Every structure is written in C-alpha cells, then in structure tokens.
>>> print(open('entry27.cif').read())   # mmCIF, N, CA and C atoms and all ligand atoms
data_query
#
loop_
_atom_site.label_atom_id
_atom_site.label_comp_id
_atom_site.auth_asym_id
_atom_site.auth_seq_id
_atom_site.Cartn_x
_atom_site.Cartn_y
_atom_site.Cartn_z
N MET A 343 95.71 109.45 83.73
CA MET A 343 96.15 108.72 84.91
C MET A 343 95.14 107.61 85.20
N SER A 344 95.63 106.39 85.46
CA SER A 344 94.70 105.29 85.72
C SER A 344 94.13 105.41 87.13
N ALA A 345 92.93 104.86 87.30
CA ALA A 345 92.26 104.95 88.60
C ALA A 345 92.97 104.05 89.60
N PRO A 346 93.05 104.49 90.86
CA PRO A 346 93.68 103.65 91.88
C PRO A 346 92.78 102.45 92.18
N PRO A 347 93.35 101.37 92.74
CA PRO A 347 92.53 100.20 93.05
C PRO A 347 91.53 100.50 94.15
N ARG A 348 90.36 99.85 94.10
CA ARG A 348 89.35 100.09 95.13
C ARG A 348 89.71 99.38 96.42
N ILE A 349 90.24 98.20 96.31
CA ILE A 349 90.56 97.42 97.51
C ILE A 349 92.08 97.40 97.67
N ALA A 350 92.52 97.66 98.88
CA ALA A 350 93.96 97.69 99.09
C ALA A 350 94.29 97.00 100.40
N SER A 351 95.53 96.64 100.55
CA SER A 351 95.95 96.10 101.83
C SER A 351 96.04 97.24 102.83
N LEU A 352 96.17 96.86 104.10
CA LEU A 352 96.23 97.88 105.15
C LEU A 352 97.65 98.37 105.40
N SER A 353 98.59 97.93 104.60
CA SER A 353 99.97 98.12 105.00
C SER A 353 100.63 99.41 104.52
N SER A 354 100.04 100.12 103.56
CA SER A 354 100.71 101.33 103.08
C SER A 354 99.68 102.43 102.85
N PRO A 355 100.10 103.70 102.99
CA PRO A 355 99.18 104.80 102.71
C PRO A 355 98.84 104.81 101.23
N GLN A 356 97.60 104.92 100.91
CA GLN A 356 97.22 104.89 99.50
C GLN A 356 95.83 105.48 99.29
N VAL A 357 95.61 105.92 98.06
CA VAL A 357 94.31 106.50 97.72
C VAL A 357 93.40 105.39 97.19
N LEU A 358 92.20 105.31 97.77
CA LEU A 358 91.22 104.30 97.36
C LEU A 358 90.14 104.96 96.52
N GLU A 359 89.74 104.28 95.48
CA GLU A 359 88.62 104.74 94.65
C GLU A 359 87.33 104.24 95.29
N LEU A 360 86.45 105.16 95.67
CA LEU A 360 85.19 104.74 96.29
C LEU A 360 84.13 104.50 95.22
N SER A 361 83.04 103.87 95.62
CA SER A 361 81.91 103.74 94.70
C SER A 361 81.33 105.14 94.49
N SER A 362 81.07 105.50 93.24
CA SER A 362 80.62 106.86 92.94
C SER A 362 79.57 106.81 91.85
N PHE A 363 78.48 107.53 92.06
CA PHE A 363 77.36 107.51 91.11
C PHE A 363 77.03 108.95 90.72
N THR A 364 77.37 109.30 89.50
CA THR A 364 77.14 110.66 89.03
C THR A 364 76.00 110.66 88.02
N GLU A 365 75.06 111.56 88.22
CA GLU A 365 73.96 111.71 87.28
C GLU A 365 73.57 113.17 87.24
N ALA A 366 72.56 113.49 86.45
CA ALA A 366 72.17 114.89 86.29
C ALA A 366 71.77 115.51 87.63
N ARG A 367 71.29 114.68 88.57
CA ARG A 367 70.83 115.19 89.87
C ARG A 367 71.98 115.43 90.82
N GLY A 368 73.18 115.03 90.40
CA GLY A 368 74.33 115.23 91.27
C GLY A 368 75.11 113.94 91.44
N ARG A 369 75.98 113.93 92.44
CA ARG A 369 76.88 112.81 92.64
C ARG A 369 76.70 112.22 94.03
N LEU A 370 76.74 110.90 94.10
CA LEU A 370 76.65 110.20 95.38
C LEU A 370 77.85 109.25 95.48
N CYS A 371 78.57 109.34 96.59
CA CYS A 371 79.74 108.47 96.80
C CYS A 371 79.49 107.62 98.04
N VAL A 372 80.05 106.42 98.02
CA VAL A 372 79.81 105.46 99.10
C VAL A 372 81.13 104.93 99.64
N ALA A 373 81.22 104.86 100.96
CA ALA A 373 82.36 104.17 101.58
C ALA A 373 81.77 103.08 102.46
N GLU A 374 81.72 101.87 101.95
CA GLU A 374 81.14 100.75 102.68
C GLU A 374 82.26 99.88 103.25
N ALA A 375 82.09 99.51 104.52
CA ALA A 375 83.12 98.72 105.19
C ALA A 375 83.40 97.44 104.43
N THR A 376 84.66 97.17 104.30
CA THR A 376 85.27 95.99 103.66
C THR A 376 85.18 96.01 102.13
N GLN A 377 84.17 96.68 101.56
CA GLN A 377 84.11 96.77 100.09
C GLN A 377 84.89 97.97 99.58
N ASP A 378 84.61 99.15 100.15
CA ASP A 378 85.26 100.37 99.68
C ASP A 378 86.45 100.75 100.55
N VAL A 379 86.37 100.44 101.82
CA VAL A 379 87.53 100.64 102.71
C VAL A 379 87.82 99.30 103.39
N PRO A 380 89.10 98.93 103.52
CA PRO A 380 89.43 97.56 103.94
C PRO A 380 89.44 97.36 105.44
N PHE A 381 88.45 97.90 106.14
CA PHE A 381 88.30 97.61 107.57
C PHE A 381 86.86 97.89 107.97
N ASP A 382 86.48 97.37 109.14
CA ASP A 382 85.15 97.66 109.67
C ASP A 382 85.16 99.07 110.27
N ILE A 383 84.20 99.86 109.88
CA ILE A 383 84.16 101.26 110.34
C ILE A 383 83.43 101.31 111.69
N GLU A 384 84.17 101.75 112.72
CA GLU A 384 83.55 101.79 114.05
C GLU A 384 83.35 103.23 114.54
N ARG A 385 83.88 104.18 113.79
CA ARG A 385 83.75 105.59 114.22
C ARG A 385 83.87 106.47 113.00
N VAL A 386 83.11 107.55 113.01
CA VAL A 386 83.19 108.55 111.95
C VAL A 386 83.30 109.91 112.61
N TYR A 387 84.26 110.72 112.18
CA TYR A 387 84.32 112.10 112.64
C TYR A 387 84.72 112.99 111.47
N TRP A 388 84.54 114.26 111.64
CA TRP A 388 84.89 115.16 110.55
C TRP A 388 85.51 116.43 111.09
N ILE A 389 86.38 116.99 110.29
CA ILE A 389 87.15 118.18 110.67
C ILE A 389 86.74 119.31 109.73
N SER A 390 86.37 120.43 110.31
CA SER A 390 85.90 121.56 109.51
C SER A 390 86.44 122.86 110.09
N ASP A 391 86.19 123.94 109.39
CA ASP A 391 86.54 125.29 109.89
C ASP A 391 88.01 125.43 110.23
N VAL A 392 88.87 124.76 109.48
CA VAL A 392 90.30 124.86 109.74
C VAL A 392 90.85 126.10 109.03
N PRO A 393 91.41 127.06 109.77
CA PRO A 393 92.00 128.24 109.13
C PRO A 393 93.12 127.82 108.16
N GLY A 394 93.28 128.55 107.09
CA GLY A 394 94.23 128.18 106.05
C GLY A 394 95.64 127.96 106.55
N ALA A 395 96.02 128.68 107.61
CA ALA A 395 97.40 128.55 108.09
C ALA A 395 97.54 127.49 109.18
N SER A 396 96.45 126.83 109.53
CA SER A 396 96.51 125.85 110.62
C SER A 396 96.73 124.43 110.09
N TRP A 397 97.03 123.54 111.00
CA TRP A 397 97.19 122.14 110.62
C TRP A 397 96.57 121.27 111.70
N ARG A 398 96.30 120.02 111.33
CA ARG A 398 95.72 119.04 112.25
C ARG A 398 96.58 117.78 112.23
N GLY A 399 96.30 116.91 113.15
CA GLY A 399 97.08 115.67 113.20
C GLY A 399 98.35 115.88 113.97
N GLY A 400 99.46 115.45 113.38
CA GLY A 400 100.73 115.52 114.10
C GLY A 400 100.82 114.40 115.11
N HIS A 401 100.39 113.24 114.70
CA HIS A 401 100.45 112.06 115.56
C HIS A 401 100.29 110.81 114.70
N ALA A 402 100.42 109.64 115.34
CA ALA A 402 100.15 108.36 114.69
C ALA A 402 99.25 107.56 115.63
N HIS A 403 98.78 106.44 115.12
CA HIS A 403 97.96 105.54 115.95
C HIS A 403 98.66 104.19 116.07
N ARG A 404 98.53 103.58 117.24
CA ARG A 404 99.15 102.27 117.43
C ARG A 404 98.46 101.20 116.60
N THR A 405 97.14 101.20 116.63
CA THR A 405 96.40 100.08 116.00
C THR A 405 95.29 100.52 115.05
N VAL A 406 94.93 101.77 115.10
CA VAL A 406 93.76 102.23 114.33
C VAL A 406 94.14 102.55 112.89
N SER A 407 93.33 102.05 111.95
CA SER A 407 93.43 102.48 110.56
C SER A 407 92.38 103.56 110.33
N GLU A 408 92.69 104.50 109.44
CA GLU A 408 91.74 105.55 109.12
C GLU A 408 91.69 105.76 107.61
N ALA A 409 90.54 106.25 107.15
CA ALA A 409 90.39 106.65 105.75
C ALA A 409 89.87 108.08 105.74
N LEU A 410 90.58 108.97 105.05
CA LEU A 410 90.26 110.40 105.03
C LEU A 410 89.65 110.77 103.68
N ILE A 411 88.56 111.51 103.73
CA ILE A 411 87.85 111.89 102.49
C ILE A 411 87.59 113.40 102.51
N ALA A 412 87.92 114.07 101.42
CA ALA A 412 87.60 115.49 101.28
C ALA A 412 86.17 115.59 100.77
N VAL A 413 85.21 115.61 101.69
CA VAL A 413 83.81 115.66 101.25
C VAL A 413 83.43 117.06 100.79
N ALA A 414 84.22 118.05 101.15
CA ALA A 414 84.06 119.41 100.61
C ALA A 414 85.44 120.06 100.58
N GLY A 415 85.70 120.84 99.56
CA GLY A 415 86.96 121.57 99.46
C GLY A 415 88.15 120.64 99.31
N GLU A 416 89.30 121.12 99.75
CA GLU A 416 90.51 120.32 99.61
C GLU A 416 91.50 120.60 100.74
N PHE A 417 92.39 119.65 100.95
CA PHE A 417 93.43 119.79 101.96
C PHE A 417 94.58 118.86 101.60
N SER A 418 95.72 119.10 102.23
CA SER A 418 96.90 118.28 101.98
C SER A 418 97.16 117.36 103.17
N VAL A 419 97.75 116.21 102.87
CA VAL A 419 98.15 115.27 103.93
C VAL A 419 99.59 114.86 103.66
N ARG A 420 100.44 115.08 104.64
CA ARG A 420 101.79 114.54 104.59
C ARG A 420 101.81 113.31 105.49
N CYS A 421 102.20 112.19 104.90
CA CYS A 421 102.18 110.93 105.64
C CYS A 421 103.59 110.37 105.69
N GLU A 422 103.99 109.89 106.84
CA GLU A 422 105.29 109.25 106.97
C GLU A 422 105.11 107.88 107.59
N LEU A 423 105.59 106.87 106.87
CA LEU A 423 105.48 105.49 107.35
C LEU A 423 106.77 104.76 107.02
N ASP A 424 107.35 104.15 108.02
CA ASP A 424 108.61 103.42 107.84
C ASP A 424 109.68 104.29 107.17
N GLY A 425 109.73 105.55 107.53
CA GLY A 425 110.75 106.46 107.01
C GLY A 425 110.45 107.05 105.65
N GLU A 426 109.34 106.65 105.04
CA GLU A 426 109.00 107.15 103.71
C GLU A 426 107.92 108.22 103.82
N ILE A 427 108.20 109.39 103.25
CA ILE A 427 107.25 110.50 103.29
C ILE A 427 106.48 110.55 101.97
N THR A 428 105.14 110.64 102.07
CA THR A 428 104.31 110.76 100.88
C THR A 428 103.33 111.90 101.09
N ASP A 429 103.21 112.75 100.06
CA ASP A 429 102.28 113.89 100.12
C ASP A 429 101.07 113.62 99.25
N PHE A 430 99.91 113.98 99.77
CA PHE A 430 98.66 113.80 99.04
C PHE A 430 97.90 115.13 99.06
N ARG A 431 97.19 115.41 97.98
CA ARG A 431 96.24 116.52 97.97
C ARG A 431 94.86 115.91 97.79
N MET A 432 94.03 116.00 98.81
CA MET A 432 92.70 115.40 98.76
C MET A 432 91.71 116.45 98.28
N GLN A 433 90.98 116.12 97.20
CA GLN A 433 90.07 117.10 96.62
C GLN A 433 88.89 116.44 95.90
N ASP A 434 88.81 115.11 95.97
CA ASP A 434 87.76 114.38 95.26
C ASP A 434 86.93 113.60 96.28
N PRO A 435 85.63 113.91 96.43
CA PRO A 435 84.81 113.18 97.41
C PRO A 435 84.68 111.70 97.08
N GLY A 436 85.10 111.31 95.92
CA GLY A 436 85.03 109.90 95.51
C GLY A 436 86.30 109.13 95.81
N ARG A 437 87.21 109.74 96.55
CA ARG A 437 88.46 109.05 96.88
C ARG A 437 88.75 109.17 98.37
N ALA A 438 89.35 108.13 98.91
CA ALA A 438 89.70 108.12 100.34
C ALA A 438 91.19 107.82 100.47
N LEU A 439 91.82 108.49 101.40
CA LEU A 439 93.22 108.21 101.70
C LEU A 439 93.29 107.25 102.87
N LEU A 440 93.79 106.06 102.61
CA LEU A 440 93.93 105.04 103.65
C LEU A 440 95.23 105.26 104.41
N LEU A 441 95.11 105.45 105.72
CA LEU A 441 96.29 105.61 106.57
C LEU A 441 96.36 104.43 107.54
N PRO A 442 97.33 103.55 107.36
CA PRO A 442 97.44 102.38 108.25
C PRO A 442 97.97 102.78 109.62
N PRO A 443 97.88 101.85 110.59
CA PRO A 443 98.47 102.12 111.90
C PRO A 443 99.94 102.50 111.77
N THR A 444 100.38 103.34 112.65
CA THR A 444 101.75 103.87 112.78
C THR A 444 102.11 104.88 111.69
N ALA A 445 101.17 105.26 110.84
CA ALA A 445 101.44 106.32 109.86
C ALA A 445 101.34 107.68 110.56
N TRP A 446 102.47 108.38 110.57
CA TRP A 446 102.46 109.75 111.13
C TRP A 446 101.82 110.66 110.10
N ARG A 447 100.83 111.48 110.49
CA ARG A 447 100.13 112.31 109.53
C ARG A 447 99.99 113.75 109.99
N VAL A 448 100.11 114.66 109.01
CA VAL A 448 99.84 116.07 109.24
C VAL A 448 98.92 116.55 108.12
N LEU A 449 97.79 117.15 108.51
CA LEU A 449 96.82 117.68 107.55
C LEU A 449 96.98 119.19 107.52
N SER A 450 97.06 119.77 106.33
CA SER A 450 97.30 121.22 106.25
C SER A 450 96.69 121.79 104.98
N ASP A 451 96.85 123.10 104.82
CA ASP A 451 96.41 123.81 103.60
C ASP A 451 94.96 123.52 103.26
N PHE A 452 94.12 123.65 104.27
CA PHE A 452 92.69 123.47 104.04
C PHE A 452 92.16 124.67 103.24
N SER A 453 91.38 124.39 102.22
CA SER A 453 90.73 125.48 101.48
C SER A 453 89.54 125.97 102.31
N PRO A 454 89.06 127.19 102.06
CA PRO A 454 87.91 127.69 102.83
C PRO A 454 86.71 126.75 102.65
N GLY A 455 86.10 126.36 103.76
CA GLY A 455 84.92 125.48 103.70
C GLY A 455 85.25 124.01 103.56
N ALA A 456 86.53 123.66 103.56
CA ALA A 456 86.90 122.25 103.39
C ALA A 456 86.43 121.42 104.59
N ILE A 457 86.02 120.19 104.31
CA ILE A 457 85.63 119.25 105.36
C ILE A 457 86.33 117.93 105.11
N CYS A 458 87.04 117.47 106.13
CA CYS A 458 87.72 116.17 106.07
C CYS A 458 86.90 115.17 106.88
N LEU A 459 86.32 114.22 106.18
CA LEU A 459 85.57 113.15 106.84
C LEU A 459 86.54 112.00 107.11
N VAL A 460 86.50 111.49 108.35
CA VAL A 460 87.42 110.41 108.71
C VAL A 460 86.64 109.18 109.14
N LEU A 461 86.95 108.05 108.52
CA LEU A 461 86.40 106.76 108.91
C LEU A 461 87.48 106.04 109.69
N ALA A 462 87.14 105.55 110.87
CA ALA A 462 88.16 104.93 111.73
C ALA A 462 87.76 103.51 112.08
N SER A 463 88.77 102.68 112.31
CA SER A 463 88.53 101.24 112.51
C SER A 463 88.23 100.89 113.97
N ALA A 464 88.24 101.88 114.87
CA ALA A 464 88.00 101.59 116.28
C ALA A 464 87.43 102.83 116.97
N PRO A 465 86.78 102.64 118.12
CA PRO A 465 86.30 103.78 118.89
C PRO A 465 87.46 104.66 119.36
N TYR A 466 87.14 105.87 119.77
CA TYR A 466 88.16 106.82 120.23
C TYR A 466 88.81 106.32 121.52
N ASP A 467 90.12 106.39 121.55
CA ASP A 467 90.86 106.01 122.75
C ASP A 467 92.13 106.86 122.77
N LYS A 468 92.16 107.84 123.66
CA LYS A 468 93.29 108.77 123.64
C LYS A 468 94.61 108.06 123.95
N ASP A 469 94.55 106.94 124.67
CA ASP A 469 95.78 106.22 125.00
C ASP A 469 96.35 105.44 123.82
N GLU A 470 95.57 105.37 122.76
CA GLU A 470 96.00 104.63 121.56
C GLU A 470 96.83 105.53 120.64
N TYR A 471 96.80 106.86 120.91
CA TYR A 471 97.57 107.81 120.11
C TYR A 471 99.07 107.70 120.42
N ILE A 472 99.88 107.95 119.41
CA ILE A 472 101.31 108.17 119.61
C ILE A 472 101.58 109.62 119.26
N LEU A 473 101.99 110.39 120.27
CA LEU A 473 102.09 111.84 120.10
C LEU A 473 103.51 112.35 119.88
N GLU A 474 104.48 111.48 120.13
CA GLU A 474 105.89 111.88 120.00
C GLU A 474 106.60 110.99 118.99
N ARG A 475 107.50 111.61 118.21
CA ARG A 475 108.22 110.83 117.20
C ARG A 475 109.09 109.74 117.84
N ASP A 476 109.71 110.05 118.97
CA ASP A 476 110.55 109.06 119.65
C ASP A 476 109.74 107.84 120.07
N GLU A 477 108.55 108.15 120.58
CA GLU A 477 107.66 107.08 121.04
C GLU A 477 107.25 106.21 119.85
N LEU A 478 107.02 106.84 118.68
CA LEU A 478 106.65 106.07 117.49
C LEU A 478 107.80 105.15 117.07
N SER A 479 109.00 105.69 117.07
CA SER A 479 110.17 104.87 116.70
C SER A 479 110.30 103.67 117.61
N ARG A 480 110.13 103.90 118.91
CA ARG A 480 110.24 102.79 119.88
C ARG A 480 109.14 101.76 119.65
N PHE A 481 107.92 102.27 119.41
CA PHE A 481 106.78 101.36 119.21
C PHE A 481 106.99 100.49 117.98
N VAL A 482 107.44 101.10 116.87
CA VAL A 482 107.65 100.35 115.63
C VAL A 482 108.78 99.34 115.82
N ARG A 483 109.84 99.79 116.51
CA ARG A 483 110.99 98.90 116.71
C ARG A 483 110.60 97.68 117.56
N ASP A 484 109.78 97.90 118.59
CA ASP A 484 109.49 96.84 119.54
C ASP A 484 108.29 95.97 119.14
N SER A 485 107.57 96.36 118.10
CA SER A 485 106.37 95.58 117.77
C SER A 485 106.65 94.61 116.64
P1 LIG B 1 92.68 115.31 117.81
O1 LIG B 1 92.75 113.86 117.52
O2 LIG B 1 93.83 115.90 118.58
O3 LIG B 1 92.49 116.14 116.48
P2 LIG B 1 93.48 116.31 115.21
O4 LIG B 1 94.13 114.99 114.99
O5 LIG B 1 92.58 116.69 114.08
O6 LIG B 1 94.45 117.38 115.45
O7 LIG B 1 91.32 115.59 118.58
C1 LIG B 1 90.91 116.89 118.92
C2 LIG B 1 89.96 116.77 120.11
O8 LIG B 1 88.84 115.99 119.78
C3 LIG B 1 90.60 116.13 121.32
O9 LIG B 1 90.20 116.86 122.47
C4 LIG B 1 90.01 114.75 121.37
C5 LIG B 1 88.67 114.91 120.69
N1 LIG B 1 88.25 113.72 119.94
C6 LIG B 1 87.24 112.91 120.44
O10 LIG B 1 86.70 113.16 121.53
N2 LIG B 1 86.84 111.82 119.71
C7 LIG B 1 87.42 111.50 118.53
O11 LIG B 1 87.02 110.49 117.89
C8 LIG B 1 88.48 112.34 118.02
C9 LIG B 1 89.17 112.02 116.72
C10 LIG B 1 88.86 113.43 118.76
#
>>> encode(input="entry27.cif", output="structure tokens")
Amino acid sequence: MSAPPRIASLSSPQVLELSSFTEARGRLCVAEATQDVPFDIERVYWISDVPGASWRGGHAHRTVSEALIAVAGEFSVRCELDGEITDFRMQDPGRALLLPPTAWRVLSDFSPGAICLVLASAPYDKDEYILERDELSRFVRDS
C-alpha cells in the first residue's frame, strides 16, 4: 500500500503521514503545524482510559479542524461528512487522521492502554460544538 500524502487540504477526512524517525534507540514522530498538519495547532488534548465498550465523540465542530493520533494502542473512528461515512482504524503513531469542520465523528473500540492525542486548530469553546444531527444538517445547509 502506498503511503498517504503528508500535506492535504482541509476539506475531507484523511490519513496524514507524519514525519517519523526510526532508529535503534526507538522511534520519534513529529506533527508540526502547517508542515505535517495543515493548520496552526492552538490546542492539544488526549483521551485515555477508555473502556473497550465505550465510545467518545458523537459530535461535529462548526469551524475547528482536528488531527487524531494513536500515540499508544489503537482505536476506531467512524467519520461522516457530507453524507459519506468512512471508517478508520488508528494504530500507527506516525499517522494522523485529519477531521475537517462539520465532520461527525465517533471514536470506539479502544484497545487497553490506548491514547488518542488530538491536535486542534482553535481553543476549546463548548458553543462551537454541534451536538445534534439535525443541527449539523441545518448548519451545513445554511453555511
Ligand atoms: P468532550 O468533547 O465531550 O469529549 P469527547 O468528544 O471525547 O467525548 O469533552 C469531555 C469534557 O472535557 C467536557 O466536560 C469538556 C471538557 N473539555 C475541555 O474542557 N477542553 C477541551 O479542549 C476538550 C476537548 C474537552
């Protein structure tokens, strides 16, 4: 399988290849704003200790782009954008899943010890979330 492109537009969910340096001492991966992820990173958070039967997300963002990285373990992401559903299994710390604004996402099937690192394009703002599918449809239609 060919490697995904490192630089991508912000318009569709896609896996980005990060800078990765593997040597006998181990592996180091880099996500640098604008080079490895196509936005300025203004916030970083991470999700851990998710029970195997639990899920996270279940919302979209009006304006925020995010990049999700499985820095430990693995998890699944179901993404829906413009009516198209795409499933991803994140398991490589050298890859990031780019989720553009208005992408509805659900994270699930976390392996024990999995950690999802999230790079976000803006500070936290709870009013920027879209929590209902109807609200998302209206927002997309009217914007
Ligand atoms: P939430 O976005 O609902 O988590 P998930 O999408 O993984 O299900 O956030 C969970 C809690 O964390 C909620 O009380 C808001 C808080 N939170 C912050 O304070 N800052 C942040 O940057 C994020 C992402 C969440």
>>> residues_around(input="entry27.cif", residues="Glu416 of chain A", least_positions_apart="4", cutoff="8 Å", atoms="only C-alpha atoms", output="list in words")
Ala412, Arg431, Met432, Gln433, Asp434, Asp451, Phe452, Ser453, Ala456 and Ile457 of chain A
>>> select_by_dssp(input="entry27.cif", residues="segment 361-471 of chain A", states="strand (DSSP E)", output="count of residues only")
60
>>> residues_near_ligand(input="entry27.cif", ligand="ligand LIG 1 (chain B)", cutoff="8 Å", atoms="only C-alpha atoms and all ligand atoms", output="JSON, numbers by chain")
{"A": [385, 386, 387, 389, 397, 398, 399, 400, 401, 449, 465, 466, 467, 468]}
>>> residues_around(input="entry27.cif", residues="Glu422 of chain A", least_positions_apart="2", cutoff="6.5 Å", atoms="all atoms listed in the file", output="ChimeraX atom specification")
/A:420,424-428,444-447
>>> select_by_dssp(input="entry27.cif", residues="chain A", states="helix (DSSP H, G or I)", output="VMD selection string")
chain A and resid 468 to 470 475 to 484
